[in-house]
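Below you'll find the structure, written out as structure tokens, and then a few comments.
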Amino acid sequence: MLLIPVIVVSVGLMFALAGLAAAALVLLIVAIGVTIWLCRNREQRRADGKTNVGWVVFLVIAYPLSVGYLVFFVLLMISTFTGESVTVG
């Protein structure tokens, strides 16, 4: 009976982390899509005189943010299901 609040908080934390992992996955997919779009439309954007600075800044932020959190989430899941600590480095 005393552990019910701890279990509830743990389940809530699990759902929050899973939601963040889903958001990181969506961000990674969007970043890949933007990269493909920029590569396909490179010549047209140059002809129109448009720069890619804003998109490059977005990609520089999106890739490390999404990949970094997804690696963290996978390592967290591995340590949760195996019961052993997972260290990198």
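So you can find residues: chains in the structure tokens are A, B, ... in the order shown, residues in each start at 1, and ligands are numbered from 1 in order.
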Legend entry - Test item, helix (DSSP H, G or I) assignment across chain A, answer as a VMD selection string: chain A and resid 4 to 40 42 to 48 53 to 82
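Neighbouring residues of Ala62 in chain A at 8 Å or closer, counting only C-alpha atoms and skipping chain neighbours under 5 positions away, are Leu27, Leu28 and Ala31 of chain A.
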Would you mind exporting the chosen residues as a PDB file, in the first residue's frame, restricted to N, CA and C atoms?
```pdb
ATOM      1  N   LEU A  27      11.395  14.221 -34.768  1.00  0.00           N
ATOM      2  CA  LEU A  27      12.360  15.260 -35.116  1.00  0.00           C
ATOM      3  C   LEU A  27      13.444  14.715 -36.048  1.00  0.00           C
ATOM      4  N   LEU A  28      13.903  13.501 -35.789  1.00  0.00           N
ATOM      5  CA  LEU A  28      14.908  12.883 -36.653  1.00  0.00           C
ATOM      6  C   LEU A  28      14.353  12.645 -38.051  1.00  0.00           C
ATOM      7  N   ALA A  31      14.151  15.962 -39.814  1.00  0.00           N
ATOM      8  CA  ALA A  31      15.484  16.430 -40.199  1.00  0.00           C
ATOM      9  C   ALA A  31      15.989  15.692 -41.435  1.00  0.00           C
TER      10      ALA A  31
END
```
So which residues touch Leu59 in chain A within 9 Å, counting only C-alpha atoms, skipping near sequence neighbours fewer than 2 positions away, as a PDB file with N, CA and C atoms, in the first residue's frame?
```pdb
ATOM      1  N   ALA A  31      14.151  15.962 -39.814  1.00  0.00           N
ATOM      2  CA  ALA A  31      15.484  16.430 -40.199  1.00  0.00           C
ATOM      3  C   ALA A  31      15.989  15.692 -41.435  1.00  0.00           C
ATOM      4  N   ILE A  32      15.743  14.399 -41.510  1.00  0.00           N
ATOM      5  CA  ILE A  32      16.139  13.639 -42.695  1.00  0.00           C
ATOM      6  C   ILE A  32      15.357  14.124 -43.913  1.00  0.00           C
ATOM      7  N   VAL A  34      14.067  17.138 -44.400  1.00  0.00           N
ATOM      8  CA  VAL A  34      14.571  18.470 -44.774  1.00  0.00           C
ATOM      9  C   VAL A  34      15.900  18.346 -45.503  1.00  0.00           C
ATOM     10  N   THR A  35      16.753  17.434 -45.053  1.00  0.00           N
ATOM     11  CA  THR A  35      18.032  17.229 -45.724  1.00  0.00           C
ATOM     12  C   THR A  35      17.830  16.768 -47.163  1.00  0.00           C
ATOM     13  N   GLY A  54      19.106  29.260 -42.547  1.00  0.00           N
ATOM     14  CA  GLY A  54      18.110  28.890 -41.546  1.00  0.00           C
ATOM     15  C   GLY A  54      17.908  27.393 -41.452  1.00  0.00           C
ATOM     16  N   TRP A  55      17.858  26.747 -42.605  1.00  0.00           N
ATOM     17  CA  TRP A  55      17.691  25.295 -42.622  1.00  0.00           C
ATOM     18  C   TRP A  55      18.907  24.586 -42.064  1.00  0.00           C
ATOM     19  N   VAL A  56      20.085  25.092 -42.350  1.00  0.00           N
ATOM     20  CA  VAL A  56      21.309  24.478 -41.832  1.00  0.00           C
ATOM     21  C   VAL A  56      21.366  24.614 -40.316  1.00  0.00           C
ATOM     22  N   VAL A  57      20.976  25.757 -39.797  1.00  0.00           N
ATOM     23  CA  VAL A  57      20.936  25.945 -38.340  1.00  0.00           C
ATOM     24  C   VAL A  57      19.952  24.959 -37.722  1.00  0.00           C
ATOM     25  N   ILE A  61      21.009  21.754 -35.139  1.00  0.00           N
ATOM     26  CA  ILE A  61      20.396  21.558 -33.823  1.00  0.00           C
ATOM     27  C   ILE A  61      19.600  20.248 -33.775  1.00  0.00           C
ATOM     28  N   ALA A  62      18.884  19.924 -34.836  1.00  0.00           N
ATOM     29  CA  ALA A  62      17.967  18.782 -34.827  1.00  0.00           C
ATOM     30  C   ALA A  62      18.677  17.437 -34.764  1.00  0.00           C
ATOM     31  N   TYR A  63      19.729  17.260 -35.553  1.00  0.00           N
ATOM     32  CA  TYR A  63      20.390  15.954 -35.573  1.00  0.00           C
ATOM     33  C   TYR A  63      20.993  15.570 -34.221  1.00  0.00           C
ATOM     34  N   PRO A  64      21.847  16.401 -33.618  1.00  0.00           N
ATOM     35  CA  PRO A  64      22.415  15.983 -32.314  1.00  0.00           C
ATOM     36  C   PRO A  64      21.360  15.837 -31.223  1.00  0.00           C
TER      37      PRO A  64
END
```
Legend entry - Counting only C-alpha atoms, the option among A:Ser66, A:Gln44, A:Thr82, A:Asn52 closest to Ala23 in chain A: A:Ser66
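Here the question is which of A:Phe81, A:Ala21, A:Val26, A:Val86 gets nearest to Gly68 in chain A using only C-alpha atoms, and that residue is A:Ala21.
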